[in-house]
>>> print(open('protein-v3.cif').read())   # mmCIF, C-alpha atoms (C1' of nucleotides) and all ligand atoms
data_final
loop_
_atom_site.label_atom_id
_atom_site.label_comp_id
_atom_site.auth_asym_id
_atom_site.auth_seq_id
_atom_site.Cartn_x
_atom_site.Cartn_y
_atom_site.Cartn_z
CA MET A 1 -134.78 24.96 23.52
CA MET A 2 -137.05 24.68 26.55
CA ALA A 3 -137.32 27.80 28.64
CA ALA A 4 -136.65 26.99 32.25
CA ILE A 5 -139.87 27.85 34.05
CA ASP A 6 -138.04 28.01 37.35
CA SER A 7 -135.63 30.67 36.21
CA ILE A 8 -138.51 32.77 34.90
CA VAL A 9 -140.38 32.43 38.17
CA ASN A 10 -137.26 33.46 40.04
CA GLU A 11 -136.56 36.40 37.82
CA LEU A 12 -140.10 37.71 38.29
CA ALA A 13 -140.09 37.13 42.04
CA ARG A 14 -136.75 38.87 42.39
CA ARG A 15 -138.40 42.02 41.05
CA ASN A 16 -141.50 41.66 43.20
CA ILE A 17 -143.70 40.70 40.29
CA THR A 18 -146.11 37.95 41.28
CA PRO A 19 -145.24 35.03 38.99
CA SER A 20 -148.78 34.18 37.96
CA HIS A 21 -149.37 31.42 35.45
CA GLN A 22 -150.22 33.94 32.72
CA ARG A 23 -147.16 36.07 33.32
CA VAL A 24 -144.82 33.10 33.37
CA MET A 25 -146.28 31.74 30.15
CA ILE A 26 -145.92 35.09 28.42
CA MET A 27 -142.29 35.34 29.52
CA LYS A 28 -141.70 31.77 28.37
CA TYR A 29 -143.23 32.57 25.02
CA LEU A 30 -140.92 35.55 24.58
CA VAL A 31 -137.88 33.46 25.45
CA GLU A 32 -138.85 30.77 22.98
CA ASN A 33 -139.98 33.14 20.21
CA GLN A 34 -137.35 35.78 19.80
CA CYS A 35 -138.80 37.01 16.54
CA HIS A 36 -140.08 40.22 18.15
CA PRO A 37 -143.75 39.19 18.31
CA THR A 38 -146.74 41.52 18.45
CA VAL A 39 -149.36 41.41 21.20
CA ASP A 40 -151.65 39.59 18.82
CA GLN A 41 -149.12 36.90 18.03
CA ILE A 42 -148.47 36.29 21.71
CA PHE A 43 -152.18 36.28 22.49
CA SER A 44 -153.18 33.95 19.67
CA ALA A 45 -150.44 31.46 20.41
CA LEU A 46 -151.02 31.29 24.16
CA ARG A 47 -154.78 31.21 23.89
CA GLN A 48 -154.49 27.59 22.79
CA GLN A 49 -152.82 26.62 26.04
CA ILE A 50 -154.77 29.04 28.26
CA PRO A 51 -158.27 29.27 26.73
CA THR A 52 -159.41 31.87 29.27
CA LEU A 53 -156.53 34.21 28.51
CA SER A 54 -157.60 37.79 27.90
CA LYS A 55 -155.83 40.18 25.60
CA ALA A 56 -155.93 42.76 28.37
CA THR A 57 -153.75 40.45 30.44
CA VAL A 58 -151.22 40.26 27.65
CA TYR A 59 -151.10 44.06 27.49
CA ASN A 60 -150.96 44.39 31.28
CA THR A 61 -148.21 41.82 31.58
CA LEU A 62 -146.09 43.32 28.83
CA ASN A 63 -146.42 46.74 30.44
CA VAL A 64 -145.38 45.31 33.79
CA LEU A 65 -142.41 43.53 32.21
CA ALA A 66 -141.36 46.63 30.29
CA GLU A 67 -141.60 48.72 33.46
CA ALA A 68 -139.31 46.22 35.17
CA GLN A 69 -137.02 46.29 32.16
CA LEU A 70 -137.44 42.59 31.55
CA VAL A 71 -138.59 43.20 28.01
CA ARG A 72 -137.78 45.87 25.47
CA VAL A 73 -140.57 47.65 23.60
CA LEU A 74 -140.01 48.15 19.87
CA SER A 75 -141.89 50.96 18.14
CA ILE A 76 -140.20 50.36 14.84
CA GLU A 77 -143.44 51.23 13.08
CA ASP A 78 -146.17 53.14 14.74
CA ASN A 79 -149.03 50.76 14.14
CA GLU A 80 -147.62 47.63 15.72
CA THR A 81 -145.72 47.45 18.96
CA ARG A 82 -143.34 44.52 19.24
CA TYR A 83 -141.59 42.97 22.19
CA ASP A 84 -138.06 41.70 22.66
CA ILE A 85 -136.81 39.62 25.58
CA THR A 86 -133.26 40.66 24.77
CA THR A 87 -132.75 43.90 26.63
CA GLU A 88 -129.13 44.60 25.82
CA THR A 89 -128.78 47.43 23.31
CA HIS A 90 -128.84 46.22 19.72
CA GLY A 91 -130.22 47.46 16.44
CA HIS A 92 -133.26 46.28 14.49
CA PHE A 93 -133.66 46.07 10.76
CA LYS A 94 -137.15 45.62 9.35
CA CYS A 95 -137.46 44.28 5.83
CA SER A 96 -140.25 46.17 4.12
CA SER A 97 -140.76 43.27 1.74
CA CYS A 98 -141.13 40.24 4.04
CA GLY A 99 -141.68 42.11 7.30
CA ARG A 100 -139.05 40.14 9.15
CA ILE A 101 -137.06 41.94 11.85
CA TYR A 102 -133.34 41.25 12.10
CA ASN A 103 -131.05 42.05 15.01
CA PHE A 104 -127.70 43.63 14.46
CA ALA A 105 -124.89 44.81 16.71
CA VAL A 106 -124.35 48.53 17.23
CA ASP A 107 -121.41 50.11 18.96
CA VAL A 108 -123.52 52.66 20.77
CA ASP A 109 -120.80 54.48 22.66
CA ARG A 110 -118.85 54.92 19.48
CA PHE A 111 -121.44 56.81 17.52
CA VAL A 112 -122.83 59.09 20.20
CA SER A 113 -120.85 62.28 20.07
CA GLY A 114 -120.22 64.39 23.14
CA GLU A 115 -123.30 66.34 22.18
CA LEU A 116 -125.39 64.34 24.64
CA ARG A 117 -122.87 64.64 27.44
CA ASP A 118 -125.32 66.36 29.78
CA PHE A 119 -128.34 64.18 28.99
CA ARG A 120 -129.34 61.21 31.11
CA ILE A 121 -129.95 58.52 28.52
CA THR A 122 -132.16 55.67 29.68
CA GLU A 123 -133.09 54.07 26.39
CA LYS A 124 -131.38 53.63 23.05
CA ASN A 125 -133.14 52.45 19.91
CA VAL A 126 -131.70 51.98 16.47
CA TYR A 127 -134.20 51.14 13.73
CA PHE A 128 -133.24 50.57 10.13
CA SER A 129 -135.42 49.48 7.28
CA GLY A 130 -135.02 48.39 3.69
CA ILE A 131 -134.76 45.03 1.93
CA CYS A 132 -133.16 41.95 3.43
CA PRO A 133 -130.71 39.72 1.50
CA THR A 134 -133.29 36.96 1.10
CA CYS A 135 -135.79 39.30 -0.56
CA LEU A 136 -133.05 40.95 -2.63
CA GLY A 137 -132.07 37.49 -3.87
CA LYS A 138 -135.65 36.65 -4.83
CA ALA A 139 -136.01 39.91 -6.74
CA GLU A 140 -132.78 39.15 -8.56
CA LYS A 141 -134.01 35.71 -9.58
CA GLU A 142 -137.32 37.15 -10.82
CA LYS A 143 -135.50 39.57 -13.04
CA ARG A 144 -133.29 36.89 -14.54
CA ARG A 145 -136.01 34.57 -15.82
CA MET B 1 -136.98 83.29 9.36
CA MET B 2 -139.58 83.40 6.63
CA ALA B 3 -139.96 80.31 4.54
CA ALA B 4 -139.72 81.16 0.86
CA ILE B 5 -143.04 80.10 -0.62
CA ASP B 6 -141.51 80.04 -4.06
CA SER B 7 -138.86 77.52 -3.19
CA ILE B 8 -141.49 75.28 -1.62
CA VAL B 9 -143.66 75.51 -4.70
CA ASN B 10 -140.69 74.65 -6.87
CA GLU B 11 -139.60 71.74 -4.73
CA LEU B 12 -143.09 70.25 -4.89
CA ALA B 13 -143.47 70.83 -8.61
CA ARG B 14 -140.08 69.26 -9.27
CA ARG B 15 -141.42 66.04 -7.78
CA ASN B 16 -144.71 66.20 -9.64
CA ILE B 17 -146.68 67.04 -6.54
CA THR B 18 -149.34 69.66 -7.25
CA PRO B 19 -148.44 72.62 -5.05
CA SER B 20 -151.91 73.25 -3.67
CA HIS B 21 -152.40 75.97 -1.10
CA GLN B 22 -152.84 73.41 1.70
CA ARG B 23 -149.72 71.47 0.77
CA VAL B 24 -147.58 74.57 0.51
CA MET B 25 -148.80 75.85 3.86
CA ILE B 26 -148.10 72.52 5.54
CA MET B 27 -144.57 72.48 4.09
CA LYS B 28 -144.08 76.07 5.19
CA TYR B 29 -145.24 75.19 8.69
CA LEU B 30 -142.72 72.36 8.88
CA VAL B 31 -139.90 74.62 7.73
CA GLU B 32 -140.77 77.25 10.31
CA ASN B 33 -141.51 74.81 13.14
CA GLN B 34 -138.70 72.34 13.29
CA CYS B 35 -139.75 71.03 16.68
CA HIS B 36 -141.01 67.74 15.19
CA PRO B 37 -144.72 68.55 15.38
CA THR B 38 -147.56 66.05 15.50
CA VAL B 39 -150.44 66.01 13.02
CA ASP B 40 -152.59 67.68 15.61
CA GLN B 41 -150.17 70.52 16.18
CA ILE B 42 -149.91 71.18 12.46
CA PHE B 43 -153.66 70.97 12.03
CA SER B 44 -154.52 73.24 14.97
CA ALA B 45 -152.00 75.88 13.97
CA LEU B 46 -152.97 76.01 10.30
CA ARG B 47 -156.68 75.88 10.94
CA GLN B 48 -156.49 79.51 12.04
CA GLN B 49 -155.20 80.57 8.64
CA ILE B 50 -157.22 78.04 6.63
CA PRO B 51 -160.53 77.60 8.48
CA THR B 52 -161.76 74.96 6.06
CA LEU B 53 -158.67 72.78 6.50
CA SER B 54 -159.48 69.15 7.18
CA LYS B 55 -157.38 66.85 9.28
CA ALA B 56 -157.58 64.28 6.49
CA THR B 57 -155.76 66.72 4.25
CA VAL B 58 -152.97 67.04 6.78
CA TYR B 59 -152.64 63.26 6.89
CA ASN B 60 -152.83 62.95 3.11
CA THR B 61 -150.26 65.67 2.56
CA LEU B 62 -147.81 64.30 5.10
CA ASN B 63 -148.10 60.87 3.51
CA VAL B 64 -147.46 62.35 0.08
CA LEU B 65 -144.47 64.30 1.37
CA ALA B 66 -143.06 61.27 3.16
CA GLU B 67 -143.47 59.17 0.03
CA ALA B 68 -141.50 61.79 -1.90
CA GLN B 69 -138.91 61.84 0.90
CA LEU B 70 -139.53 65.52 1.54
CA VAL B 71 -140.28 64.84 5.20
CA ARG B 72 -139.08 62.24 7.63
CA VAL B 73 -141.56 60.30 9.75
CA LEU B 74 -140.64 59.84 13.40
CA SER B 75 -142.17 56.93 15.30
CA ILE B 76 -140.22 57.64 18.44
CA GLU B 77 -143.21 56.59 20.51
CA ASP B 78 -145.99 54.53 19.10
CA ASN B 79 -148.94 56.72 19.94
CA GLU B 80 -147.83 59.91 18.28
CA THR B 81 -146.26 60.20 14.87
CA ARG B 82 -144.09 63.26 14.38
CA TYR B 83 -142.72 64.90 11.26
CA ASP B 84 -139.32 66.37 10.48
CA ILE B 85 -138.49 68.53 7.46
CA THR B 86 -134.82 67.70 7.95
CA THR B 87 -134.30 64.49 6.04
CA GLU B 88 -130.58 64.00 6.50
CA THR B 89 -129.84 61.20 8.95
CA HIS B 90 -129.62 62.41 12.54
CA GLY B 91 -130.61 61.09 15.93
CA HIS B 92 -133.53 62.11 18.14
CA PHE B 93 -133.59 62.33 21.91
CA LYS B 94 -136.97 62.58 23.63
CA CYS B 95 -137.03 63.90 27.18
CA SER B 96 -139.55 61.87 29.12
CA SER B 97 -140.00 64.74 31.55
CA CYS B 98 -140.75 67.73 29.30
CA GLY B 99 -141.49 65.83 26.09
CA ARG B 100 -139.15 67.94 24.02
CA ILE B 101 -137.31 66.25 21.17
CA TYR B 102 -133.67 67.14 20.56
CA ASN B 103 -131.63 66.46 17.45
CA PHE B 104 -128.14 65.06 17.66
CA ALA B 105 -125.50 64.04 15.17
CA VAL B 106 -124.80 60.36 14.58
CA ASP B 107 -121.93 58.93 12.64
CA VAL B 108 -124.02 56.31 10.92
CA ASP B 109 -121.35 54.61 8.91
CA ARG B 110 -119.17 54.26 11.96
CA PHE B 111 -121.58 52.21 14.02
CA VAL B 112 -122.97 49.91 11.35
CA SER B 113 -120.89 46.82 11.43
CA GLY B 114 -120.35 44.73 8.33
CA GLU B 115 -123.22 42.60 9.54
CA LEU B 116 -125.63 44.50 7.27
CA ARG B 117 -123.34 44.35 4.26
CA ASP B 118 -125.91 42.47 2.18
CA PHE B 119 -128.94 44.49 3.23
CA ARG B 120 -130.32 47.39 1.20
CA ILE B 121 -130.84 50.04 3.85
CA THR B 122 -133.32 52.75 2.91
CA GLU B 123 -134.02 54.32 6.27
CA LYS B 124 -132.06 54.85 9.43
CA ASN B 125 -133.57 55.96 12.72
CA VAL B 126 -131.83 56.51 16.02
CA TYR B 127 -134.12 57.21 18.97
CA PHE B 128 -132.87 57.86 22.48
CA SER B 129 -134.86 58.83 25.53
CA GLY B 130 -134.18 59.94 29.06
CA ILE B 131 -133.95 63.31 30.82
CA CYS B 132 -132.68 66.48 29.18
CA PRO B 133 -130.19 68.85 30.88
CA THR B 134 -132.88 71.46 31.54
CA CYS B 135 -135.07 68.99 33.40
CA LEU B 136 -132.06 67.52 35.19
CA GLY B 137 -131.20 71.02 36.37
CA LYS B 138 -134.70 71.65 37.63
CA ALA B 139 -134.70 68.38 39.56
CA GLU B 140 -131.38 69.30 41.11
CA LYS B 141 -132.70 72.67 42.28
CA GLU B 142 -135.81 71.04 43.74
CA LYS B 143 -133.67 68.72 45.81
CA ARG B 144 -131.51 71.52 47.13
CA ARG B 145 -134.23 73.71 48.64
"C1'" DT C 1 -166.32 80.92 -22.88
"C1'" DT C 2 -168.22 76.52 -21.56
"C1'" DC C 3 -167.32 71.55 -20.85
"C1'" DT C 4 -164.85 67.86 -18.97
"C1'" DA C 5 -161.91 64.99 -16.40
"C1'" DA C 6 -158.46 64.36 -13.16
"C1'" DG C 7 -156.82 65.43 -8.94
"C1'" DC C 8 -157.56 67.71 -4.28
"C1'" DT C 9 -160.09 68.69 -0.31
"C1'" DT C 10 -163.59 67.91 2.95
"C1'" DA C 11 -166.64 65.83 6.67
"C1'" DG C 12 -167.80 62.09 8.68
"C1'" DA C 13 -167.75 57.04 9.16
"C1'" DA C 14 -164.92 52.98 9.86
"C1'" DT C 15 -160.97 50.62 11.65
"C1'" DC C 16 -157.95 48.96 14.89
"C1'" DA C 17 -154.49 49.07 18.62
"C1'" DT C 18 -154.44 50.19 23.26
"C1'" DT C 19 -156.33 51.57 27.74
"C1'" DA C 20 -159.98 51.97 31.25
"C1'" DT C 21 -163.58 49.93 33.96
"C1'" DA C 22 -165.88 47.00 36.90
"C1'" DA C 23 -166.93 42.38 38.10
"C1'" DT C 24 -164.86 38.01 39.22
"C1'" DT C 25 -161.17 34.96 40.54
"C1'" DT C 26 -157.00 33.65 42.85
"C1'" DC C 27 -154.33 33.03 46.66
"C1'" DA C 28 -151.61 34.07 50.75
"C1'" DT C 29 -152.57 35.14 55.55
"C1'" DT C 30 -155.35 35.16 59.58
"C1'" DA D 1 -163.27 29.14 56.64
"C1'" DA D 2 -162.94 34.30 56.32
"C1'" DT D 3 -160.47 38.31 54.67
"C1'" DG D 4 -158.46 41.30 51.47
"C1'" DA D 5 -155.12 42.59 48.13
"C1'" DA D 6 -153.69 41.69 43.68
"C1'" DA D 7 -154.48 39.54 39.15
"C1'" DT D 8 -157.51 38.29 35.48
"C1'" DT D 9 -161.34 38.76 32.57
"C1'" DA D 10 -164.92 40.67 29.31
"C1'" DT D 11 -166.37 44.56 27.58
"C1'" DA D 12 -166.60 49.46 26.82
"C1'" DA D 13 -164.14 53.59 25.74
"C1'" DT D 14 -160.52 56.14 23.58
"C1'" DG D 15 -157.89 58.00 20.03
"C1'" DA D 16 -154.92 58.04 16.02
"C1'" DT D 17 -155.22 56.96 11.35
"C1'" DT D 18 -157.49 55.50 7.14
"C1'" DC D 19 -161.47 55.08 4.17
"C1'" DT D 20 -165.34 56.80 1.55
"C1'" DA D 21 -168.18 59.47 -1.06
"C1'" DA D 22 -169.43 63.99 -2.27
"C1'" DG D 23 -168.01 68.60 -3.61
"C1'" DC D 24 -164.43 71.79 -5.34
"C1'" DT D 25 -160.46 73.46 -8.43
"C1'" DT D 26 -158.16 73.84 -12.33
"C1'" DA D 27 -155.98 73.06 -16.78
"C1'" DG D 28 -156.89 71.81 -21.32
"C1'" DA D 29 -160.25 70.82 -25.14
"C1'" DA D 30 -164.02 72.17 -27.79
MN MN E 1 -134.03 42.22 19.01
MN MN E 2 -134.96 66.11 13.73
ZN ZN E 3 -137.17 40.33 3.44
ZN ZN E 4 -136.76 67.86 29.51
#
>>> encode(input="protein-v3.cif", output="structure tokens")
Amino acid sequence: MMAAIDSIVNELARRNITPSHQRVMIMKYLVENQCHPTVDQIFSALRQQIPTLSKATVYNTLNVLAEAQLVRVLSIEDNETRYDITTETHGHFKCSSCGRIYNFAVDVDRFVSGELRDFRITEKNVYFSGICPTCLGKAEKEKRR
Amino acid sequence: MMAAIDSIVNELARRNITPSHQRVMIMKYLVENQCHPTVDQIFSALRQQIPTLSKATVYNTLNVLAEAQLVRVLSIEDNETRYDITTETHGHFKCSSCGRIYNFAVDVDRFVSGELRDFRITEKNVYFSGICPTCLGKAEKEKRR
DNA sequence: TTCTAAGCTTAGAATCATTATAATTTCATT
DNA sequence: AATGAAATTATAATGATTCTAAGCTTAGAA
């Protein structure tokens, strides 16, 4: 699915973020690659289209987008920050075997008790980890032979 | 409340972790300081009692304890890992104004939809952030004068 | 007791993700 | 075309964590 450049440009402009070529391409990449990429993945992929691209620009842009709440920052593990264009609250499951990150729905309002009544909550993150069905299946097969 | 050295020694021994002086003191510190300290906080505090203590030992010990599931690792923000002696599942709220981290209860089973039925979940983290009541109160007072 | 080996601790070097800096480029406005 | 603010770039700096190699502890064997 092609990301509509125009809608990205508009979305950035609406928030007073200059829609530079680099910024638009980074947004486009995030829309087209919703696998929660790292800075390095974004940088390496885009470098082929924009040979002059600097990693600092990728960092700067992602910080600008996060500030504007156009991307969500995932600190699921503390050595690799990942980015998600989907900003609505949802949970993330990281498979410790294959490293893949899965989305899942969480009923946030349900599980927060009144305990946080007097807190102003601006961000909600739910991170699970373990083994995904695919990797569980592989392990099962291994055992059986 | 004094942490019972004996019970710490036993708990370590039960898991085949040699209860060295450094390890016991680090455990004891975590029991007595349940404010989710960073490696640096633990190191700086204990250095006064154990002048030869090395930061590498603090890292090594925390990794050993985490491996044995005696401490929980918090990656609430990706530049500072924190440690929690309470391993039962509970949520963490970080106030972006004062930096304090609050615990709160979460009804885990309630909010996990059947979506993850086929996943083996080994770790569950719930991280919220925003402004705590104390800081909200201060801001309110500021405005009023 | 002395010897030995395994496991722990230590200091400092190495790594690696992220941020800071300063020069250059882009681009809208005059 | 000239101006100037903002964005981009390359590179240096920072800082948390891990690695490495040497020294220390300790329990069991001789
Ligand atoms: Mn997601
Ligand atoms: Mn806690
Ligand atoms: Zn997997
Ligand atoms: Zn606060």
>>> interface_residues(input="protein-v3.cif", of="chain D", to="chain A", cutoff="9 Å", atoms="all atoms listed in the file", output="list in words")
DA6, DA7, DT8, DT9 and DA10 of chain D
>>> residues_near_ligand(input="protein-v3.cif", ligand="ligand MN 1 (chain E)", cutoff="10 Å", atoms="all atoms listed in the file", output="ChimeraX atom specification")
/A:34-36,72-74,82-93,101-105
>>> calpha_fit_and_write(input="protein-v3.cif", fixed="chain B", moving="chain A", output="short mmCIF file (atom, residue, chain, number, x, y, z; two decimals) with C-alpha atoms, keeping the file's coordinate frame")
data_model
loop_
_atom_site.label_atom_id
_atom_site.label_comp_id
_atom_site.auth_asym_id
_atom_site.auth_seq_id
_atom_site.Cartn_x
_atom_site.Cartn_y
_atom_site.Cartn_z
CA MET A 1 -137.14 83.29 9.40
CA MET A 2 -139.69 83.43 6.60
CA ALA A 3 -139.98 80.30 4.53
CA ALA A 4 -139.70 81.14 0.88
CA ILE A 5 -143.01 80.09 -0.62
CA ASP A 6 -141.49 80.03 -4.08
CA SER A 7 -138.84 77.52 -3.18
CA ILE A 8 -141.46 75.26 -1.61
CA VAL A 9 -143.64 75.48 -4.69
CA ASN A 10 -140.66 74.63 -6.85
CA GLU A 11 -139.58 71.74 -4.71
CA LEU A 12 -143.07 70.23 -4.85
CA ALA A 13 -143.44 70.80 -8.59
CA ARG A 14 -140.05 69.26 -9.25
CA ARG A 15 -141.39 66.02 -7.78
CA ASN A 16 -144.69 66.19 -9.63
CA ILE A 17 -146.66 67.03 -6.52
CA THR A 18 -149.31 69.63 -7.27
CA PRO A 19 -148.40 72.60 -5.06
CA SER A 20 -151.87 73.25 -3.70
CA HIS A 21 -152.38 75.97 -1.14
CA GLN A 22 -152.82 73.41 1.65
CA ARG A 23 -149.72 71.46 0.76
CA VAL A 24 -147.57 74.56 0.50
CA MET A 25 -148.80 75.84 3.85
CA ILE A 26 -148.08 72.52 5.53
CA MET A 27 -144.56 72.48 4.09
CA LYS A 28 -144.07 76.08 5.19
CA TYR A 29 -145.24 75.20 8.67
CA LEU A 30 -142.73 72.36 8.88
CA VAL A 31 -139.91 74.62 7.74
CA GLU A 32 -140.80 77.25 10.30
CA ASN A 33 -141.52 74.83 13.15
CA GLN A 34 -138.72 72.35 13.30
CA CYS A 35 -139.78 71.04 16.68
CA HIS A 36 -141.02 67.76 15.19
CA PRO A 37 -144.74 68.57 15.37
CA THR A 38 -147.59 66.07 15.51
CA VAL A 39 -150.46 66.03 13.01
CA ASP A 40 -152.62 67.71 15.60
CA GLN A 41 -150.18 70.55 16.16
CA ILE A 42 -149.92 71.19 12.44
CA PHE A 43 -153.68 70.98 12.01
CA SER A 44 -154.54 73.25 14.92
CA ALA A 45 -152.03 75.90 13.94
CA LEU A 46 -152.97 76.03 10.26
CA ARG A 47 -156.69 75.89 10.88
CA GLN A 48 -156.51 79.52 11.96
CA GLN A 49 -155.21 80.58 8.57
CA ILE A 50 -157.21 78.05 6.54
CA PRO A 51 -160.54 77.62 8.38
CA THR A 52 -161.76 74.95 5.95
CA LEU A 53 -158.69 72.78 6.43
CA SER A 54 -159.49 69.15 7.13
CA LYS A 55 -157.37 66.87 9.24
CA ALA A 56 -157.58 64.28 6.48
CA THR A 57 -155.74 66.71 4.23
CA VAL A 58 -152.98 67.05 6.77
CA TYR A 59 -152.62 63.27 6.90
CA ASN A 60 -152.82 62.94 3.12
CA THR A 61 -150.26 65.66 2.57
CA LEU A 62 -147.81 64.30 5.10
CA ASN A 63 -148.09 60.86 3.52
CA VAL A 64 -147.45 62.34 0.09
CA LEU A 65 -144.46 64.29 1.39
CA ALA A 66 -143.06 61.26 3.20
CA GLU A 67 -143.47 59.16 0.05
CA ALA A 68 -141.50 61.78 -1.85
CA GLN A 69 -138.94 61.85 0.93
CA LEU A 70 -139.51 65.52 1.59
CA VAL A 71 -140.29 64.85 5.22
CA ARG A 72 -139.09 62.24 7.66
CA VAL A 73 -141.59 60.30 9.78
CA LEU A 74 -140.65 59.84 13.44
CA SER A 75 -142.19 56.93 15.33
CA ILE A 76 -140.24 57.63 18.46
CA GLU A 77 -143.25 56.58 20.51
CA ASP A 78 -146.00 54.51 19.10
CA ASN A 79 -148.93 56.72 19.98
CA GLU A 80 -147.86 59.93 18.28
CA THR A 81 -146.28 60.21 14.88
CA ARG A 82 -144.11 63.27 14.39
CA TYR A 83 -142.74 64.92 11.30
CA ASP A 84 -139.35 66.39 10.50
CA ILE A 85 -138.50 68.53 7.49
CA THR A 86 -134.83 67.70 7.96
CA THR A 87 -134.31 64.49 6.04
CA GLU A 88 -130.60 64.01 6.51
CA THR A 89 -129.85 61.21 8.97
CA HIS A 90 -129.65 62.42 12.55
CA GLY A 91 -130.64 61.11 15.94
CA HIS A 92 -133.55 62.11 18.17
CA PHE A 93 -133.61 62.30 21.92
CA LYS A 94 -136.97 62.55 23.65
CA CYS A 95 -137.03 63.88 27.19
CA SER A 96 -139.53 61.83 29.15
CA SER A 97 -139.98 64.70 31.58
CA CYS A 98 -140.74 67.70 29.33
CA GLY A 99 -141.48 65.80 26.13
CA ARG A 100 -139.16 67.91 24.05
CA ILE A 101 -137.33 66.23 21.17
CA TYR A 102 -133.69 67.13 20.58
CA ASN A 103 -131.64 66.46 17.46
CA PHE A 104 -128.17 65.08 17.69
CA ALA A 105 -125.52 64.06 15.18
CA VAL A 106 -124.82 60.38 14.60
CA ASP A 107 -121.96 58.97 12.60
CA VAL A 108 -124.08 56.29 10.98
CA ASP A 109 -121.45 54.63 8.84
CA ARG A 110 -119.19 54.31 11.82
CA PHE A 111 -121.47 52.28 14.01
CA VAL A 112 -122.97 49.92 11.46
CA SER A 113 -120.81 46.85 11.40
CA GLY A 114 -120.35 44.77 8.27
CA GLU A 115 -123.20 42.65 9.51
CA LEU A 116 -125.63 44.52 7.26
CA ARG A 117 -123.37 44.36 4.24
CA ASP A 118 -125.92 42.50 2.13
CA PHE A 119 -128.98 44.50 3.21
CA ARG A 120 -130.34 47.40 1.20
CA ILE A 121 -130.86 50.06 3.85
CA THR A 122 -133.33 52.77 2.91
CA GLU A 123 -134.04 54.32 6.28
CA LYS A 124 -132.05 54.87 9.45
CA ASN A 125 -133.58 55.95 12.74
CA VAL A 126 -131.85 56.51 16.03
CA TYR A 127 -134.13 57.21 19.00
CA PHE A 128 -132.87 57.84 22.49
CA SER A 129 -134.83 58.80 25.54
CA GLY A 130 -134.16 59.92 29.08
CA ILE A 131 -133.93 63.29 30.82
CA CYS A 132 -132.66 66.46 29.19
CA PRO A 133 -130.18 68.83 30.89
CA THR A 134 -132.86 71.44 31.54
CA CYS A 135 -135.06 68.96 33.42
CA LEU A 136 -132.05 67.47 35.22
CA GLY A 137 -131.16 70.99 36.37
CA LYS A 138 -134.67 71.62 37.66
CA ALA A 139 -134.66 68.35 39.59
CA GLU A 140 -131.33 69.30 41.10
CA LYS A 141 -132.65 72.66 42.24
CA GLU A 142 -135.74 71.03 43.78
CA LYS A 143 -133.59 68.73 45.81
CA ARG A 144 -131.40 71.53 47.11
CA ARG A 145 -134.12 73.69 48.65
#
>>> interface_residues(input="protein-v3.cif", of="chain C", to="chain A", cutoff="9 Å", atoms="all atoms listed in the file", output="ChimeraX atom specification")
/C:17-19
>>> residues_near_ligand(input="protein-v3.cif", ligand="ligand ZN 3 (chain E)", cutoff="9 Å", atoms="all atoms listed in the file", output="list in words")
Lys94, Cys95, Ser96, Ser97, Cys98, Gly99, Arg100, Ile101, Gly130, Ile131, Cys132, Pro133, Thr134, Cys135 and Leu136 of chain A
>>> residues_near_point(input="protein-v3.cif", point="(-118.9, 49.0, 11.1)", cutoff="12 Å", atoms="all atoms listed in the file", output="ChimeraX atom specification")
/A:104-108,110-111 /B:107-117
>>> residues_around(input="protein-v3.cif", residues="DG23 of chain D", least_positions_apart="4", cutoff="12 Å", atoms="only C-alpha atoms (C1' of nucleotides)", output="PDB file with C-alpha atoms (C1' of nucleotides), in the frame of the given file")
ATOM      1  C1'  DC C   8    -157.560  67.710  -4.280  1.00  0.00           C
ATOM      2  C1'  DT C   9    -160.090  68.690  -0.310  1.00  0.00           C
ATOM      3  C1'  DT C  10    -163.590  67.910   2.950  1.00  0.00           C
ATOM      4  C1'  DA C  11    -166.640  65.830   6.670  1.00  0.00           C
TER       5       DA C  11
END
>>> residues_around(input="protein-v3.cif", residues="DA5 of chain D", least_positions_apart="3", cutoff="12 Å", atoms="all atoms listed in the file", output="NGL selection string")
:C and (26-29)
>>> write_last_selection(input="protein-v3.cif", atoms="C-alpha atoms (C1' of nucleotides)", output="PDB file, in the coordinates of the input")
ATOM      1  C1'  DT C  26    -157.000  33.650  42.850  1.00  0.00           C
ATOM      2  C1'  DC C  27    -154.330  33.030  46.660  1.00  0.00           C
ATOM      3  C1'  DA C  28    -151.610  34.070  50.750  1.00  0.00           C
ATOM      4  C1'  DT C  29    -152.570  35.140  55.550  1.00  0.00           C
TER       5       DT C  29
END
>>> residues_around(input="protein-v3.cif", residues="Val31 of chain B", least_positions_apart="6", cutoff="12 Å", atoms="all atoms listed in the file", output="compact mmCIF listing (two decimals) with C-alpha atoms, keeping the file's coordinate frame")
# COMPACT_ATOMS: atom_id res chain seq x y z
CA MET B 1 -136.98 83.29 9.36
CA MET B 2 -139.58 83.40 6.63
CA ALA B 3 -139.96 80.31 4.54
CA ALA B 4 -139.72 81.16 0.86
CA ILE B 5 -143.04 80.10 -0.62
CA SER B 7 -138.86 77.52 -3.19
CA ILE B 8 -141.49 75.28 -1.62
CA VAL B 24 -147.58 74.57 0.51
CA MET B 25 -148.80 75.85 3.86
CA PRO B 37 -144.72 68.55 15.38
CA ILE B 42 -149.91 71.18 12.46
CA LEU B 70 -139.53 65.52 1.54
CA VAL B 71 -140.28 64.84 5.20
CA TYR B 83 -142.72 64.90 11.26
CA ASP B 84 -139.32 66.37 10.48
CA ILE B 85 -138.49 68.53 7.46
CA THR B 86 -134.82 67.70 7.95
CA THR B 87 -134.30 64.49 6.04
>>> atom_distance(input="protein-v3.cif", atom1="atom CA of Ile26 of chain B", atom2="atom CA of Val58 of chain B")
7.4 Å
